[in-house]
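Enquirer: Quick one: this structure, given as structure tokens, is what I'll be asking you about.
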Amino acid sequence: MRGLLSRIFHKNHLASRRSAFRRDMRRMGRMAESRLKALLRETGRLGLYLWGALAAGAVLAGESSTVHERSPEAGLESWKVSHRGVTLELAQITPDQARAFFIGRGFERVDAERYAASCVFTAILRNDAAPAAIAYRLAEWRAVRAGGQPQRLKLKEDWLKEWEARGLAQARKIAFAWSQFPSEQRFEPGDWNQGMLTLMLPRGSRFDLKYGWTAQGKTEEAMMKGVTCANDNPGY
Amino acid sequence: MRTTIPVISLLFLLYAGTALASGGEAAGTLTVLGTRSPAPELKLKDLDGKTYSLSALRGKVVLVNFWATWCPPCRREMPSLQRLYQKLPHENFEILAVNVGEDENTVLTFSWMLKPAPTFPLLLDRDSEALRKWPAQGLPTSFVVDRQGRVALRAVGGRDFDSPAVAAQLRTLIDETH
């Protein structure tokens with residue numbers, strides 16, 4: 001009998017405990033659910049705000065950040081910045097490549113050497129998605145080296161004066177002039193151009209390029225960071 | 001919350017759109033000029049010594065393309081120019097591809113390498129005097145002259161002349177009655 005009563009008590013006790021446990025669990029569940037909902041509401045909003053801020057930051061900062069690449073085959077480096085629908089790309093040209101190009105255009109070796117000694121890039125500027133026509137002037141662009149004064153680019157016209165003084169043949173000057181990135185240009189949406197761009201910096205120099213353009217009467221500025229002049233052995 | 005998600009989605013779409021736009025190739029259309037000015041005269045010889053004159057082509061739509069063999073975007077667009085030439089009726093349309101500053105041998109050797117090889121005239125502007133009369137700063141630059149001899153369309157930089165939108169622009173000019 002005692003055993004039976006004990007078992008019944010134990011059973012009831014267990015049932016009671018189970019019931020209490022279930023009640024507790026339900027209460028805890030409701031509390032947890034309530035807290036979780038509140039937490040989700042707060043962190044959810046916070047998360048979304050953070051996500052939104054990141055997306056906005058990506059639009060504003062990512063759009064004008066410098067994308068750097070190195071070609072695995074040649075080891076040559078290039079830099080690309082897209083800002084407000086305008087994309088600028090600079091790709092290294094080695095002294096060897098610059099020399100070969102102008103010797104191929106009939107230049108004397110000494111003249112080709114003079115050009116190859118400068119810091120040369122292929123520049124590509126595109127009006128991909130600006131809301132209107134853009135106009136740029138290379139004379140306003142500056143190379144900024146760490147701790148140094150902003151330095152202007154060496155323009156096609158500067159070179160042509162030198163070639164004139166050195167008595168370069170007319171055919172060579174024509175080839176030269178059209179191979180260089182134009183000093184001034186206006187691009188409607190969809191327009192772009194490609195040409196050689198020079199700076200009077202030693203080979204291997206590292207600089208930031210501050211550049212800009214005007215669109216609808218407003219001046220836009222952007223920065224291409226960490227650009228490096230090529231050496232003859234890129235990547236080494 | 002109801003406004004946050006659409007705003008974020010819009011920001012994301014803007015970002016994605018910008019990324020795609022900046023990574024894309026050259027635009028598929030030519031710039032329509034608001035005012036059509038008379039085209040400068042162009043009178044040059046082709047590789048065979050035959051003289052072509054823009055004024056003699058009045059009544060046709062003429063695409064004038066300034067290019068050079070050393071210019072990468074010029075080289076890239078040349079095959080698509082030939083395909084465009086094959087697509088449009090020759091009685092109403094002509095292409096004059098003006099090489100700037102190079103000699104016959106250089107241009108001829110280059111043209112042999114092209115597939116499809118150009119069948120439109122390749123003109124030689126050895127001293128770039130012809131180009132100087134046109135509002136071009138760099139190569140390639142293309143102009144489309146309407147049937148009245150006015151510049152109607154322009155493209156600074158290379159284009160994909162296989163683009164149906166470009167062919168449609170040219171057909172519209174060809175179909176103009178005045």
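A note on labels: chains of the structure tokens are A, B, ... as shown, every chain counts residues from 1, and ligands are counted from 1 in their shown order.
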Please report as a compact mmCIF listing (two decimals) with C-alpha atoms, in the first residue's frame which residues of chain A come no farther than 7 Å from chain B, using only C-alpha atoms.
Expert:
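The result, stored in out_20.txt:
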# COMPACT_ATOMS: atom_id res chain seq x y z
CA GLY A 52 21.71 50.85 -45.34
CA ALA A 55 25.20 50.38 -48.93
CA ALA A 56 25.13 54.19 -48.98
CA VAL A 59 27.72 54.04 -53.29
CA SER A 82 34.68 55.52 -61.16
CA GLY A 85 29.46 58.21 -63.86
CA THR A 87 35.68 56.35 -65.16
CA ASP A 128 29.89 56.12 -68.83
CA ALA A 129 26.90 57.47 -67.02
CA ALA A 171 55.49 63.04 -89.77
CA ILE A 174 51.90 64.03 -86.21
CA ALA A 175 52.26 60.44 -84.99
CA TRP A 178 47.66 61.80 -82.05
CA PRO A 182 44.18 64.99 -75.63
CA GLN A 185 38.13 67.31 -74.49
CA GLU A 188 28.91 63.37 -74.26
CA GLY A 190 28.98 57.28 -74.05
CA ASP A 191 32.08 59.10 -75.32
CA TRP A 192 35.56 58.08 -74.26
CA ASN A 193 39.16 58.26 -75.30
Enquirer: Write out as a list in words which residues come within 8 Å of B:Lys45 when counting only C-alpha atoms, dropping same-chain ones fewer than 4 positions away.
Expert: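 Residues meeting the cut-off are Gly49, Lys50, Thr51, Tyr52, Leu123 and Leu124 of chain B.
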Enquirer: Keeping only C-alpha atoms, write those residues as a compact mmCIF listing (two decimals), in the first residue's frame.
Expert:
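As written to disk, out36.txt reads:
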# COMPACT_ATOMS: atom_id res chain seq x y z
CA GLY B 49 45.26 56.77 -105.59
CA LYS B 50 41.57 57.36 -106.32
CA THR B 51 40.29 60.68 -104.98
CA TYR B 52 37.19 60.75 -102.80
CA LEU B 123 41.72 57.31 -97.28
CA LEU B 124 45.15 58.66 -96.41
Enquirer: Identify, with DSSP run on backbone atoms, the residues in stretch 4-168 of chain B assigned to helix (DSSP H, G or I), and express the list as JSON, numbers by chain.
Expert: {"B": [4, 5, 6, 7, 8, 9, 10, 11, 12, 13, 14, 15, 16, 17, 18, 19, 20, 21, 22, 23, 55, 56, 57, 72, 73, 74, 75, 76, 77, 78, 79, 80, 81, 82, 83, 84, 85, 86, 87, 104, 105, 106, 107, 108, 109, 110, 111, 112, 113, 129, 130, 131, 132, 164, 165, 166, 167, 168]}
Enquirer: List as a VMD selection string the protein and nucleic acid residues near stretch 154-158 of chain A, meaning an atom at most 8 Å away when only C-alpha atoms are counted, but skip any in the same chain fewer than 6 places from it.
Expert: chain A and resid 138 to 139 177 180 to 183 197 to 200
Enquirer: Using only C-alpha atoms, determine which residues lie at most 8 Å from B:Leu63, disregarding the query and same-chain residues fewer than 5 positions distant; provide the list as a list in words.
Expert: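 The residues that qualify are Phe93, Glu94, Ile95, Leu96, Ser142, Phe143, Val144 and Val145 of chain B.
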Enquirer: Pick out each residue of stretch 73-116 of chain B that DSSP on the backbone tags as strand (DSSP E); I need them as an MDAnalysis selection string.
Expert: chainID B and resid 93:100
Enquirer: Quick one: of B:Thr109, B:Asn99, B:Thr119, B:Gln86, who's nearest to B:Val64, counting only C-alpha atoms?
Expert: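 Nearest candidate to B:Val64 out of B:Thr109, B:Asn99, B:Thr119, B:Gln86: B:Asn99.
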Enquirer: So that I can check the surroundings of A:Ile124, please list as a PDB file with N, CA and C atoms, in the first residue's frame every protein, DNA and RNA residue that reaches within 6 Å of it, counting only C-alpha atoms and ignoring chain neighbours fewer than 5 positions away.
Expert:
ATOM      1  N   LEU A  88      38.030  56.768 -64.900  1.00  0.00           N
ATOM      2  CA  LEU A  88      39.405  57.010 -65.354  1.00  0.00           C
ATOM      3  C   LEU A  88      40.215  55.758 -65.063  1.00  0.00           C
ATOM      4  N   GLU A  89      40.995  55.345 -66.053  1.00  0.00           N
ATOM      5  CA  GLU A  89      41.874  54.205 -65.866  1.00  0.00           C
ATOM      6  C   GLU A  89      43.278  54.589 -66.316  1.00  0.00           C
ATOM      7  N   ASN A 193      37.929  58.167 -74.518  1.00  0.00           N
ATOM      8  CA  ASN A 193      39.156  58.264 -75.298  1.00  0.00           C
ATOM      9  C   ASN A 193      40.294  57.563 -74.588  1.00  0.00           C
ATOM     10  N   GLN A 194      41.310  57.274 -75.372  1.00  0.00           N
ATOM     11  CA  GLN A 194      42.471  56.538 -74.867  1.00  0.00           C
ATOM     12  C   GLN A 194      43.718  57.164 -75.454  1.00  0.00           C
TER      13      GLN A 194
END
Enquirer: At what distance in Å, to one decimal, does atom CA of A:Asp232 lie from atom CA of A:Arg152?
Expert: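 Result for atom CA of A:Arg152 versus atom CA of A:Asp232: 23.8 Å, one decimal.
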Enquirer: May I have the residues within 8 Å of stretch 105-118 of chain A as an mmCIF file with C-alpha atoms, in the first residue's frame, using only C-alpha atoms and disregarding those fewer than 5 positions away in the same chain?
Expert:
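Result file part22.cif:
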data_model
loop_
_atom_site.group_PDB
_atom_site.id
_atom_site.type_symbol
_atom_site.label_atom_id
_atom_site.label_comp_id
_atom_site.auth_asym_id
_atom_site.auth_seq_id
_atom_site.Cartn_x
_atom_site.Cartn_y
_atom_site.Cartn_z
ATOM 1 C CA THR A 94 57.263 50.496 -69.375
ATOM 2 C CA PRO A 95 60.255 52.427 -70.749
ATOM 3 C CA ASP A 96 60.805 49.543 -73.183
ATOM 4 C CA ALA A 98 57.387 53.570 -74.859
ATOM 5 C CA ARG A 99 60.775 53.382 -76.592
ATOM 6 C CA ALA A 100 59.589 50.649 -78.973
ATOM 7 C CA ARG A 172 56.962 62.071 -86.384
ATOM 8 C CA ALA A 175 52.258 60.444 -84.994
ATOM 9 C CA THR A 198 53.167 61.530 -69.107
ATOM 10 C CA LEU A 199 54.452 62.938 -65.847
ATOM 11 C CA MET A 200 57.966 64.158 -65.223
ATOM 12 C CA LEU A 201 58.539 61.831 -62.301
ATOM 13 C CA PRO A 202 61.322 59.292 -61.898
ATOM 14 C CA ARG A 203 60.459 55.726 -62.891
#
Enquirer: Neighbouring residues of stretch 212-223 of chain A were defined as those with any atom within 7 Å, considering only C-alpha atoms; residues of the same chain fewer than 3 positions away were excluded. Please report them as a PDB file with C-alpha atoms, in the first residue's frame.
Expert:
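selection12.pdb written:
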ATOM      1  CA  SER A  64      35.273  56.773 -56.142  1.00  0.00           C
ATOM      2  CA  HIS A  83      33.148  58.687 -59.790  1.00  0.00           C
ATOM      3  CA  ALA A 132      25.360  65.298 -69.083  1.00  0.00           C
ATOM      4  CA  ALA A 133      28.409  66.134 -71.181  1.00  0.00           C
ATOM      5  CA  ILE A 134      31.671  66.519 -69.275  1.00  0.00           C
ATOM      6  CA  ALA A 135      34.726  68.606 -70.146  1.00  0.00           C
ATOM      7  CA  TYR A 136      38.217  68.118 -68.743  1.00  0.00           C
ATOM      8  CA  TRP A 141      45.164  67.723 -62.999  1.00  0.00           C
ATOM      9  CA  ASP A 208      48.091  60.139 -56.054  1.00  0.00           C
ATOM     10  CA  LEU A 209      46.425  61.727 -59.058  1.00  0.00           C
TER      11      LEU A 209
END
Enquirer: Mind giving me the straight-line distance from atom CA of A:Cys119 to atom CA of A:Ala169 in Å, one decimal?
Expert: 23.8 Å
